[in-house]
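Dumped query_19.cif below, it's mmCIF, C-alpha atoms:
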```cif
data_run
#
loop_
_atom_site.label_atom_id
_atom_site.label_comp_id
_atom_site.auth_asym_id
_atom_site.auth_seq_id
_atom_site.Cartn_x
_atom_site.Cartn_y
_atom_site.Cartn_z
CA MET A 515 10.90 -2.99 -19.71
CA ARG A 516 8.33 -4.96 -21.70
CA ASP A 517 6.82 -1.69 -22.97
CA GLY A 518 10.29 -0.51 -23.95
CA ILE A 519 10.98 -3.66 -25.95
CA ARG A 520 7.61 -3.31 -27.70
CA GLY A 521 8.34 0.34 -28.53
CA THR A 522 11.74 -0.50 -29.96
CA SER A 523 10.19 -3.23 -32.08
CA VAL A 524 7.70 -0.72 -33.49
CA LEU A 525 10.58 1.57 -34.41
CA ALA A 526 12.45 -1.27 -36.08
CA VAL A 527 9.39 -2.08 -38.18
CA LEU A 528 9.09 1.60 -39.07
CA ILE A 529 12.70 1.75 -40.23
CA VAL A 530 12.26 -1.34 -42.39
CA GLY A 531 8.98 -0.13 -43.87
CA LEU A 532 9.82 3.48 -44.61
CA PRO A 533 11.95 2.83 -47.73
CA ALA A 534 9.04 1.02 -49.37
CA LEU A 535 6.73 3.88 -48.46
CA ALA A 536 9.14 6.36 -49.97
CA GLN A 537 9.22 4.37 -53.20
CA ASP A 538 5.42 4.39 -53.37
CA VAL A 539 5.17 8.15 -52.89
CA GLY A 540 8.18 9.11 -54.93
CA GLN A 541 11.90 8.66 -54.39
CA ASP A 542 12.66 12.19 -55.53
CA MET A 543 10.52 13.68 -52.79
CA PHE A 544 11.52 11.53 -49.80
CA LYS A 545 14.85 10.43 -48.41
CA VAL A 546 14.81 7.82 -45.65
CA ARG A 547 17.71 7.10 -43.34
CA GLY A 548 18.24 4.82 -40.38
CA PHE A 549 20.99 4.85 -37.79
CA GLY A 550 21.89 3.22 -34.54
CA THR A 551 24.43 2.34 -31.87
CA LEU A 552 24.79 -0.97 -30.06
CA ALA A 553 27.06 -0.61 -27.03
CA ALA A 554 28.20 -2.45 -23.91
CA THR A 555 29.37 -0.24 -21.05
CA LYS A 556 31.00 -1.18 -17.73
CA SER A 557 31.85 1.02 -14.74
CA SER A 558 34.31 0.23 -11.95
CA GLU A 559 32.24 2.23 -9.43
CA LYS A 560 30.00 -0.37 -7.79
CA ASN A 561 28.17 1.94 -5.38
CA ALA A 562 26.50 4.12 -8.02
CA ASP A 563 25.35 4.02 -11.66
CA PHE A 564 27.05 5.82 -14.53
CA THR A 565 24.75 7.62 -16.97
CA SER A 566 25.53 9.26 -20.30
CA THR A 567 22.55 11.67 -20.31
CA ALA A 568 20.60 13.60 -17.69
CA VAL A 569 17.38 11.62 -18.24
CA GLN A 570 18.44 8.00 -17.80
CA PHE A 571 16.93 5.81 -15.08
CA ASN A 572 20.01 3.72 -14.28
CA GLY A 573 23.25 2.45 -15.79
CA PRO A 574 26.33 0.28 -15.25
CA GLY A 575 27.88 0.06 -11.80
CA PHE A 576 25.50 -0.71 -8.94
CA SER A 577 22.40 -1.70 -10.94
CA LYS A 578 24.17 -3.72 -13.62
CA SER A 579 27.66 -5.09 -14.11
CA VAL A 580 27.53 -4.44 -17.86
CA ASP A 581 24.85 -2.19 -19.33
CA PHE A 582 23.69 -2.40 -22.95
CA GLY A 583 21.34 0.58 -22.80
CA VAL A 584 23.27 3.56 -21.50
CA ASP A 585 24.97 4.20 -24.87
CA SER A 586 22.72 2.29 -27.29
CA ARG A 587 20.21 3.96 -29.59
CA LEU A 588 18.07 3.28 -32.66
CA GLY A 589 16.68 5.99 -34.92
CA ALA A 590 15.04 6.78 -38.23
CA GLN A 591 14.77 10.04 -40.15
CA VAL A 592 12.63 11.02 -43.13
CA ASP A 593 13.58 14.12 -45.14
CA ALA A 594 11.03 15.44 -47.63
CA LYS A 595 11.57 18.05 -50.34
CA PHE A 596 8.20 19.19 -51.69
CA ASN A 597 9.51 21.88 -54.03
CA GLU A 598 12.29 24.46 -54.23
CA MET A 599 10.84 26.36 -51.29
CA PHE A 600 9.36 23.83 -48.84
CA SER A 601 10.93 20.82 -47.14
CA ALA A 602 10.43 18.85 -43.94
CA ALA A 603 12.24 16.47 -41.61
CA VAL A 604 11.00 13.92 -39.07
CA GLN A 605 13.26 11.99 -36.69
CA VAL A 606 12.19 9.22 -34.30
CA ILE A 607 14.52 7.91 -31.58
CA ALA A 608 14.47 4.95 -29.20
CA ASP A 609 16.97 5.01 -26.33
CA HIS A 610 17.12 4.52 -22.58
CA ARG A 611 14.57 6.86 -20.98
CA TYR A 612 13.56 8.29 -17.62
CA ASP A 613 11.01 5.48 -17.06
CA ASP A 614 13.49 2.65 -17.75
CA THR A 615 11.96 1.88 -21.17
CA TYR A 616 13.04 2.35 -24.77
CA THR A 617 9.74 3.72 -26.03
CA PRO A 618 10.30 5.69 -29.29
CA TYR A 619 9.77 9.44 -29.17
CA LEU A 620 9.67 12.24 -31.71
CA ASN A 621 12.98 14.10 -31.50
CA MET A 622 12.50 16.24 -34.61
CA ALA A 623 9.53 17.20 -36.82
CA HIS A 624 9.64 20.52 -38.62
CA LEU A 625 8.69 22.28 -41.83
CA LYS A 626 11.26 24.51 -43.53
CA ALA A 627 10.61 27.36 -45.94
CA GLN A 628 13.60 28.58 -47.99
CA VAL A 629 12.25 32.10 -48.48
CA THR A 630 15.33 33.34 -50.36
CA PRO A 631 18.71 31.70 -51.08
CA ASP A 632 19.98 33.30 -47.85
CA LEU A 633 16.88 33.31 -45.61
CA SER A 634 15.04 30.29 -44.21
CA ILE A 635 12.32 29.68 -41.61
CA ARG A 636 11.71 26.46 -39.70
CA ILE A 637 8.60 25.71 -37.65
CA GLY A 638 8.02 22.67 -35.46
CA ARG A 639 10.35 20.55 -33.33
CA MET A 640 14.02 21.26 -34.00
CA PRO A 641 17.40 20.27 -32.51
CA PHE A 642 18.65 22.17 -29.48
CA SER A 643 21.47 23.87 -31.36
CA ALA A 644 23.83 24.64 -28.47
CA TYR A 645 26.60 22.28 -29.57
CA LEU A 646 29.01 21.68 -32.42
CA ILE A 647 27.24 18.39 -33.15
CA SER A 648 23.66 19.51 -32.44
CA ASP A 649 22.33 18.61 -35.89
CA TYR A 650 23.62 15.02 -35.69
CA ARG A 651 23.96 14.46 -31.95
CA MET A 652 21.82 11.30 -32.05
CA VAL A 653 23.84 9.69 -34.85
CA GLY A 654 26.75 7.92 -33.19
CA TYR A 655 28.40 7.09 -36.52
CA SER A 656 28.92 10.81 -37.22
CA MET A 657 30.86 11.39 -33.97
CA PRO A 658 34.46 10.43 -33.18
CA TRP A 659 33.64 9.26 -29.64
CA VAL A 660 31.52 6.49 -28.18
CA ARG A 661 29.54 9.30 -26.49
CA PRO A 662 29.98 13.08 -26.32
CA PRO A 663 31.93 14.15 -23.20
CA VAL A 664 29.44 14.03 -20.31
CA GLU A 665 30.99 17.08 -18.63
CA VAL A 666 29.43 19.26 -21.35
CA TYR A 667 26.67 17.13 -22.88
CA GLN A 668 25.14 16.01 -19.57
CA PHE A 669 24.97 19.71 -18.64
CA ASN A 670 21.49 20.22 -20.05
CA PRO A 671 18.75 17.61 -20.57
CA ILE A 672 17.28 19.46 -23.59
CA THR A 673 17.83 17.86 -27.00
CA SER A 674 15.07 19.63 -28.96
CA PHE A 675 12.61 22.52 -28.75
CA ASP A 676 9.19 23.35 -30.19
CA GLY A 677 8.85 26.72 -31.88
CA MET A 678 10.23 28.74 -34.77
CA GLU A 679 13.72 29.43 -36.03
CA ILE A 680 14.95 31.96 -38.59
CA GLY A 681 18.22 31.25 -40.38
CA PHE A 682 20.26 33.77 -42.36
CA GLN A 683 23.35 32.84 -44.39
CA GLN A 684 25.94 35.25 -45.70
CA ASN A 685 29.39 34.98 -47.24
CA VAL A 686 32.23 37.33 -46.42
CA GLY A 687 34.92 36.44 -48.93
CA THR A 688 35.72 32.77 -48.32
CA VAL A 689 34.07 32.77 -44.91
CA ALA A 690 30.49 31.48 -44.56
CA LEU A 691 28.30 32.72 -41.71
CA LEU A 692 25.01 31.22 -40.50
CA TRP A 693 22.89 33.18 -38.04
CA GLN A 694 20.04 31.36 -36.29
CA LEU A 695 17.44 33.09 -34.14
CA GLY A 696 14.85 30.89 -32.47
CA GLY A 697 12.16 30.88 -29.85
CA GLY A 698 9.89 28.34 -28.26
CA SER A 699 9.74 25.83 -25.44
CA SER A 700 11.10 22.45 -24.45
CA THR A 701 9.72 19.88 -22.03
CA VAL A 702 11.93 17.05 -20.76
CA LYS A 703 11.10 14.28 -18.32
CA THR A 704 13.85 12.99 -16.05
CA ALA A 705 14.13 10.19 -13.54
CA GLY A 706 13.61 11.15 -9.91
CA ALA A 707 14.50 9.12 -6.84
CA ASN A 708 10.88 8.24 -6.09
CA SER A 709 8.98 9.78 -8.99
CA THR A 710 9.24 11.25 -12.47
CA ALA A 711 10.35 14.86 -12.68
CA GLN A 712 9.77 17.30 -15.54
CA PHE A 713 11.77 20.30 -16.73
CA LYS A 714 10.15 22.94 -18.93
CA GLY A 715 11.88 25.98 -20.36
CA THR A 716 10.48 28.77 -22.56
CA GLY A 717 12.52 31.50 -24.21
CA GLY A 718 14.72 32.48 -27.12
CA ALA A 719 18.14 31.59 -28.50
CA LEU A 720 20.74 33.05 -30.85
CA SER A 721 23.59 31.19 -32.51
CA LEU A 722 26.32 31.93 -35.03
CA THR A 723 28.24 29.34 -37.05
CA VAL A 724 31.33 30.46 -38.96
CA THR A 725 32.99 28.16 -41.51
CA ALA A 726 36.33 28.96 -43.12
CA GLY A 727 38.16 26.18 -44.93
CA SER A 728 38.76 23.34 -42.44
CA SER A 729 37.68 25.43 -39.45
CA THR A 730 34.24 25.74 -37.91
CA PHE A 731 33.38 28.05 -35.03
CA ARG A 732 30.04 28.08 -33.20
CA ALA A 733 28.64 30.41 -30.54
CA TYR A 734 25.28 29.98 -28.82
CA TYR A 735 23.22 31.75 -26.16
CA THR A 736 19.78 31.07 -24.70
CA SER A 737 17.74 32.47 -21.83
CA LEU A 738 14.85 30.39 -20.53
CA LYS A 739 12.09 30.88 -18.02
CA SER A 740 12.20 27.46 -16.42
CA THR A 741 10.09 25.31 -14.15
CA TYR A 742 11.10 22.00 -12.62
CA ASP A 743 8.30 19.80 -11.30
CA ASN A 744 9.05 16.81 -9.14
CA ALA A 745 5.90 15.09 -7.93
CA GLY A 746 7.67 13.87 -4.83
CA ILE A 747 8.47 17.36 -3.47
CA ASP A 748 6.52 19.91 -5.55
CA HIS A 749 2.91 18.91 -6.10
CA SER A 750 2.49 16.17 -3.57
CA SER A 751 -0.89 15.95 -1.81
CA ASP A 752 1.06 15.27 1.38
CA PRO A 753 0.92 18.46 3.49
CA PHE A 754 4.25 17.46 5.03
CA SER A 755 6.09 17.37 1.69
CA PRO A 756 9.02 19.85 1.77
CA PHE A 757 7.69 22.80 -0.22
CA ASN A 758 4.13 22.41 1.07
CA LEU A 759 5.45 22.39 4.61
CA LEU A 760 7.59 25.46 4.06
CA ARG A 761 4.52 27.40 2.85
CA ALA A 762 2.07 26.29 5.57
CA GLN A 763 1.58 28.62 8.56
CA THR A 764 -0.01 25.85 10.60
CA VAL A 765 0.17 22.06 10.58
CA ASN A 766 -2.31 19.47 11.75
CA VAL A 767 -0.95 16.95 14.21
CA GLY A 768 -2.74 14.39 16.37
CA PHE A 769 -4.19 16.92 18.78
CA GLY A 770 -5.16 19.54 16.17
CA PRO A 771 -3.59 22.49 14.32
CA MET A 772 -0.49 24.18 15.67
CA PRO A 773 2.02 26.80 14.46
CA ASN A 774 4.39 25.37 11.88
CA PRO A 775 8.01 25.61 13.08
CA TYR A 776 9.15 25.10 9.45
CA TYR A 777 7.15 28.00 8.00
CA ASP A 778 9.53 29.76 5.60
CA PRO A 779 7.90 30.76 2.28
CA ALA A 780 10.96 32.80 1.30
CA MET A 781 13.08 29.63 1.31
CA ALA A 782 10.45 27.79 -0.73
CA ALA A 783 10.44 30.60 -3.30
CA LYS A 784 14.23 30.59 -3.44
CA TYR A 785 14.80 26.90 -3.97
CA GLN A 786 11.71 25.80 -5.84
CA ILE A 787 12.32 26.15 -9.58
CA LYS A 788 9.21 27.99 -10.74
CA ASP A 789 9.59 30.55 -13.54
CA LYS A 790 13.29 31.02 -12.76
CA THR A 791 15.69 32.39 -15.36
CA ILE A 792 18.34 30.01 -16.65
CA THR A 793 20.94 31.06 -19.20
CA TYR A 794 23.14 28.76 -21.25
CA THR A 795 26.16 29.91 -23.27
CA SER A 796 28.49 27.76 -25.34
CA LEU A 797 31.46 28.22 -27.65
CA GLY A 798 32.81 25.50 -29.93
CA TYR A 799 35.59 25.10 -32.46
CA THR A 800 36.74 22.29 -34.73
CA TYR A 801 39.60 22.01 -37.22
CA ASP A 802 39.51 19.03 -39.55
CA PRO A 803 41.77 19.06 -42.63
CA GLY A 804 41.17 15.33 -43.21
CA GLY A 805 44.16 13.45 -41.86
CA TRP A 806 43.66 14.66 -38.31
CA PHE A 807 41.26 16.77 -36.28
CA VAL A 808 40.95 18.76 -33.08
CA MET A 809 37.73 20.01 -31.52
CA GLY A 810 36.63 21.56 -28.26
CA GLU A 811 33.68 23.20 -26.55
CA LEU A 812 33.17 25.46 -23.54
CA ALA A 813 29.75 25.86 -21.89
CA ARG A 814 28.36 27.82 -18.96
CA ASN A 815 25.09 27.41 -17.09
CA ALA A 816 23.98 30.45 -15.06
CA GLY A 817 20.89 32.35 -13.95
CA ASP A 818 18.97 32.67 -10.69
CA GLU A 819 20.48 31.13 -7.56
CA ILE A 820 18.37 28.00 -7.41
CA MET A 821 18.92 24.27 -7.27
CA LEU A 822 20.65 24.39 -10.64
CA PRO A 823 24.07 25.81 -9.73
CA GLN A 824 26.11 28.04 -11.98
CA ALA A 825 28.82 25.96 -13.57
CA THR A 826 31.36 25.93 -16.39
CA ALA A 827 32.41 22.88 -18.40
CA GLY A 828 34.66 22.17 -21.35
CA TYR A 829 36.58 19.55 -23.27
CA ILE A 830 39.14 19.18 -26.03
CA THR A 831 39.48 16.15 -28.34
CA ALA A 832 42.26 15.37 -30.79
CA GLY A 833 42.51 12.44 -33.19
CA VAL A 834 44.58 11.15 -36.11
CA ARG A 835 43.29 9.10 -39.05
CA PHE A 836 45.40 6.19 -40.28
CA GLY A 837 43.30 4.77 -43.10
CA SER A 838 40.30 3.11 -41.41
CA TRP A 839 41.75 3.57 -37.91
CA THR A 840 41.26 6.71 -35.78
CA PRO A 841 42.77 6.87 -32.29
CA TYR A 842 41.65 9.87 -30.23
CA LEU A 843 42.17 11.47 -26.84
CA THR A 844 39.75 13.65 -24.84
CA VAL A 845 40.34 15.78 -21.75
CA ALA A 846 37.29 17.30 -20.02
CA GLN A 847 36.32 19.13 -16.85
CA ARG A 848 33.25 20.60 -15.16
CA LYS A 849 33.39 23.06 -12.25
CA ASN A 850 30.70 24.70 -10.12
CA ASP A 851 31.39 28.45 -10.23
CA THR A 852 29.13 29.70 -7.47
CA HIS A 853 28.32 28.29 -4.09
CA ILE A 854 24.64 27.88 -3.36
CA SER A 855 24.10 29.04 0.22
CA ASN A 856 23.30 26.16 2.54
CA PRO A 857 19.83 26.11 4.09
CA PRO A 858 19.69 26.57 7.88
CA PRO A 859 19.90 23.50 10.09
CA ALA A 860 16.69 21.51 10.49
CA ILE A 861 14.66 22.48 13.53
CA ASP A 862 14.68 19.71 16.11
CA PHE A 863 10.91 19.48 16.42
CA GLY A 864 9.22 16.24 15.40
CA LEU A 865 5.84 16.27 13.69
CA GLY A 866 5.36 12.55 14.04
CA GLY A 867 5.28 9.70 11.55
CA GLY A 868 8.92 10.06 10.58
CA THR A 869 8.24 13.32 8.75
CA PRO A 870 11.38 14.40 6.82
CA LYS A 871 12.53 17.87 7.77
CA PRO A 872 12.26 20.16 4.71
CA TYR A 873 15.69 21.66 5.24
CA ASP A 874 17.24 18.19 5.22
CA VAL A 875 15.43 17.37 1.96
CA ILE A 876 16.60 20.62 0.32
CA ALA A 877 20.17 20.05 1.51
CA ASN A 878 20.11 16.57 -0.01
CA ILE A 879 18.81 17.91 -3.34
CA LEU A 880 21.50 20.59 -3.37
CA ALA A 881 24.16 17.94 -2.78
CA ASN A 882 22.89 15.98 -5.78
CA THR A 883 23.18 19.02 -8.08
CA ASN A 884 26.96 19.14 -7.66
CA GLN A 885 28.31 17.37 -10.75
CA ALA A 886 31.85 18.77 -10.73
CA GLN A 887 34.31 16.27 -12.18
CA SER A 888 37.25 15.85 -14.53
CA SER A 889 38.12 13.07 -16.95
CA HIS A 890 40.39 11.95 -19.72
CA ALA A 891 39.46 9.34 -22.29
CA LEU A 892 41.36 7.26 -24.79
CA GLY A 893 39.50 5.75 -27.72
CA LEU A 894 39.94 3.97 -31.02
CA ARG A 895 37.56 3.99 -33.99
CA TRP A 896 37.74 1.37 -36.76
CA ASP A 897 35.69 1.94 -39.92
CA PHE A 898 35.80 -1.71 -40.87
CA TYR A 899 32.92 -1.70 -43.35
CA THR A 900 30.86 0.76 -45.38
CA ASN A 901 28.69 2.85 -43.04
CA MET A 902 29.78 0.85 -40.00
CA ALA A 903 32.30 1.72 -37.29
CA LEU A 904 33.53 -0.18 -34.25
CA LYS A 905 34.71 1.90 -31.29
CA ALA A 906 36.45 1.14 -28.01
CA GLN A 907 36.81 3.81 -25.32
CA VAL A 908 38.07 3.98 -21.75
CA ASP A 909 37.23 7.00 -19.55
CA TRP A 910 39.15 7.73 -16.36
CA MET A 911 36.86 9.93 -14.24
CA LYS A 912 37.47 11.81 -11.01
CA ASN A 913 34.64 13.37 -8.98
CA ASP A 914 35.34 16.49 -6.99
CA THR A 915 34.91 16.35 -3.23
CA GLY A 916 31.20 16.56 -2.44
CA SER A 917 30.26 15.75 -6.03
CA TYR A 918 28.48 12.80 -7.63
CA GLY A 919 29.67 13.76 -11.12
CA ALA A 920 27.86 11.73 -13.79
CA LEU A 921 26.70 9.15 -11.24
CA ILE A 922 23.19 8.46 -9.95
CA ASN A 923 21.62 5.87 -7.62
CA THR A 924 24.40 6.40 -5.08
CA GLN A 925 24.45 3.83 -2.28
CA PRO A 926 25.33 4.18 1.44
CA ASN A 927 28.91 2.99 0.82
CA PHE A 928 29.51 5.50 -1.98
CA LYS A 929 32.39 7.91 -1.36
CA ASP A 930 32.60 11.21 -3.19
CA GLY A 931 35.86 12.59 -4.53
CA GLN A 932 36.91 9.18 -5.85
CA SER A 933 38.16 8.02 -9.26
CA TYR A 934 36.63 5.29 -11.41
CA THR A 935 36.81 3.99 -14.97
CA VAL A 936 34.14 3.49 -17.62
CA SER A 937 34.91 1.03 -20.45
CA THR A 938 32.76 0.83 -23.59
CA ILE A 939 32.66 -1.07 -26.86
CA SER A 940 30.16 0.15 -29.46
CA LEU A 941 29.03 -0.57 -33.01
CA ASP A 942 27.72 2.48 -34.93
CA PHE A 943 25.91 2.17 -38.24
CA VAL A 944 23.87 4.18 -40.73
CA PHE A 945 21.75 2.96 -43.63
#
```
Using structure tokens, write down the structure from this file.
Amino acid sequence: MRDGIRGTSVLAVLIVGLPALAQDVGQDMFKVRGFGTLAATKSSEKNADFTSTAVQFNGPGFSKSVDFGVDSRLGAQVDAKFNEMFSAAVQVIADHRYDDTYTPYLNMAHLKAQVTPDLSIRIGRMPFSAYLISDYRMVGYSMPWVRPPVEVYQFNPITSFDGMEIGFQQNVGTVALLWQLGGGSSTVKTAGANSTAQFKGTGGALSLTVTAGSSTFRAYYTSLKSTYDNAGIDHSSDPFSPFNLLRAQTVNVGFGPMPNPYYDPAMAAKYQIKDKTITYTSLGYTYDPGGWFVMGELARNAGDEIMLPQATAGYITAGVRFGSWTPYLTVAQRKNDTHISNPPPAIDFGLGGGTPKPYDVIANILANTNQAQSSHALGLRWDFYTNMALKAQVDWMKNDTGSYGALINTQPNFKDGQSYTVSTISLDFVF
């Protein structure tokens, strides 16, 4: 935690110092912005932790009564316009990470070439553009909610990718279309039970954004060759670790080598995520004439039958603006669409030293991948001051039977299929 505090302090200094730097270089060339969210979140489920993203180490519930990190964030962005053709953007974020720190990281850093009025090319690190709010997902002030609905936004840990993106704009009457074709890779570290895990995906993506008056429609598709490395089960030097054991024809016990009763390389190949295809498709729509708004998204995760199950998730949010007050309501759901076949029962043959049976380990991992749940949330936003908004939100969540939903760090007394509430107060600001 000490490293996290130091990293956040560095980011704060950076935010304070960047405006002066921009003045020295030239205000016309650089635009500096800062943003952040300070939030307190409480969960009624005391036998597990609630998390708002797929990478967080812990959250409110079992680990903490009230958590100030699960929804809090601090960020800075520098936009540079070098001439009519070239521009750049850099965004640095500090939030709660996989290693239980708040060490700042580079979320965006790309160079853009506006080749023609309709054609642009970006190279570098860019937002993962699968969502309606992809371009401003980290800026809480720009969103109606305290946090995006976890049923959809906890679906995928990716927030950015490194590569190239081509954008093409065209107008058809009063309708504006933006096509984006990109390719590259993304590496994300997540918190494991006993070690840090890492997800890496490489592939291409295509998206279309259609704007007509107060309506915006967005469609997105990506296909990734993906690898998931968990040091505790994938690359452990322990020959009795699950995937090593499944691939070993013999094992060494106290009296020498013997045939391995767990030898099953086909099962290891099936469940270990190494160069497996994962597809992600999303559709989003928003209508915002000013006095009120409605928005919704539908997303589907599919691909090879591995430890990442095929699932569909969606939400719809509606709100009304009364001056500086905006009450809103959200209904969301996530369902697993396909059943991952259960591994065979563990062979009752001890190898000594309390060796975990690989089938038991795989079954436990499969159980943790089930995040099916439903929720409804009621919130209120108050824009009480220029560039500042206070929000209060209560989520009523219900996990499906056999599902942990958005919960991690489940304890022995945890019961699946139960309901719980998450209450949050947040302050969003931009400057």
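Between Gln683 of chain A and the candidates A:Pro671, A:Pro641, A:Pro663, A:Pro631, the tightest atom-to-atom separation, counting all atoms listed in the file, involves A:Pro631.
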Run the PyMOL selection byres ((chain A and resi 667) around 10) against the file shown and list the residues it catches, as an MDAnalysis selection string. chainID A and resid 566:568 644:645 651 661:666 668:673 811 813 827:828
List the residues selected by the PyMOL selection byres ((chain A and resi 911) around 8) in the file shown, writing them as a ChimeraX atom specification. /A:887-890,909-910,912-913,933-936
Expansion of the PyMOL selection byres ((chain A and resi 587) around 8) into residues, as a CSV table (one decimal) with C-alpha atoms, in the frame of the given file:
```csv
chain,number,residue,atom,x,y,z
A,550,GLY,CA,21.9,3.2,-34.5
A,551,THR,CA,24.4,2.3,-31.9
A,552,LEU,CA,24.8,-1.0,-30.1
A,583,GLY,CA,21.3,0.6,-22.8
A,585,ASP,CA,25.0,4.2,-24.9
A,586,SER,CA,22.7,2.3,-27.3
A,588,LEU,CA,18.1,3.3,-32.7
A,589,GLY,CA,16.7,6.0,-34.9
A,607,ILE,CA,14.5,7.9,-31.6
A,608,ALA,CA,14.5,5.0,-29.2
A,609,ASP,CA,17.0,5.0,-26.3
A,610,HIS,CA,17.1,4.5,-22.6
A,652,MET,CA,21.8,11.3,-32.0
```
Between A:Gly916, A:Gly548, A:Pro775, A:Gly798, which has the minimum distance to Gly654 of chain A (counting only C-alpha atoms)? A:Gly548
Expressed in Å to a single decimal, how great is the separation between atom CA of Thr725 of chain A and atom CA of Val689 of chain A?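 About the pair atom CA of Thr725 of chain A and atom CA of Val689 of chain A: they are 5.8 Å apart.
For the set A:Thr795, A:Gln684, A:Thr710, A:Thr716, the residue with the smallest atom-to-atom gap to Gly698 of chain A is A:Thr716, counting only C-alpha atoms.
In this structure, atom CA of Ser737 of chain A sits 10.1 Å away from atom CA of Asn815 of chain A.
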Shortest interatomic distance to Leu625 of chain A - which of A:Arg611, A:Lys595, A:Lys790, A:Lys545, counting only C-alpha atoms: A:Lys595
Figure out the distance between atom CA of Phe564 of chain A and atom CA of Ser740 of chain A, please, to one decimal in Å. 26.3 Å
Within 10 Å of Pro574 of chain A using all atoms listed in the file, minus same-chain residues under 2 positions, as a PyMOL selection string: chain A and resi 554-560+562-565+572+576-584+921+936
Residue list as a ChimeraX atom specification for point (16.5, 23.8, -29.7), cut-off 12 Å, all atoms listed in the file: /A:621-624,636-645,648-649,670-679,694-701,715-721,734-738,794
Calculated over only C-alpha atoms, which of the candidates A:Lys784, A:Arg732, A:Arg761, A:Lys849 has the smallest distance to Leu691 of chain A?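 Result for the nearest residue to Leu691 of chain A: A:Arg732.
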Pick out the residues sitting within 10 Å of Ala594 of chain A, and hand them over as number ranges by chain; count all atoms listed in the file, and ignore anything fewer than 2 positions along from it in its own chain. A: 536, 541-546, 591-592, 596-597, 600-604, 625-626
Please provide the set of residues having any atom within 12 Å of Thr764 of chain A, restricted to all atoms listed in the file, with same-chain residues fewer than 3 positions apart removed, written as a list in words. Pro753, Phe754, Asn758, Leu759, Leu760, Arg761, Val767, Gly770, Pro771, Met772, Pro773, Asn774, Pro775, Tyr776, Tyr777, Asp778 and Leu865 of chain A
Looking at all atoms listed in the file, which of A:Asp818, A:Trp806, A:Leu692, A:Thr924 is the one that sits closest to Tyr785 of chain A?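 Among the listed residues, the smallest separation from Tyr785 of chain A belongs to A:Asp818.
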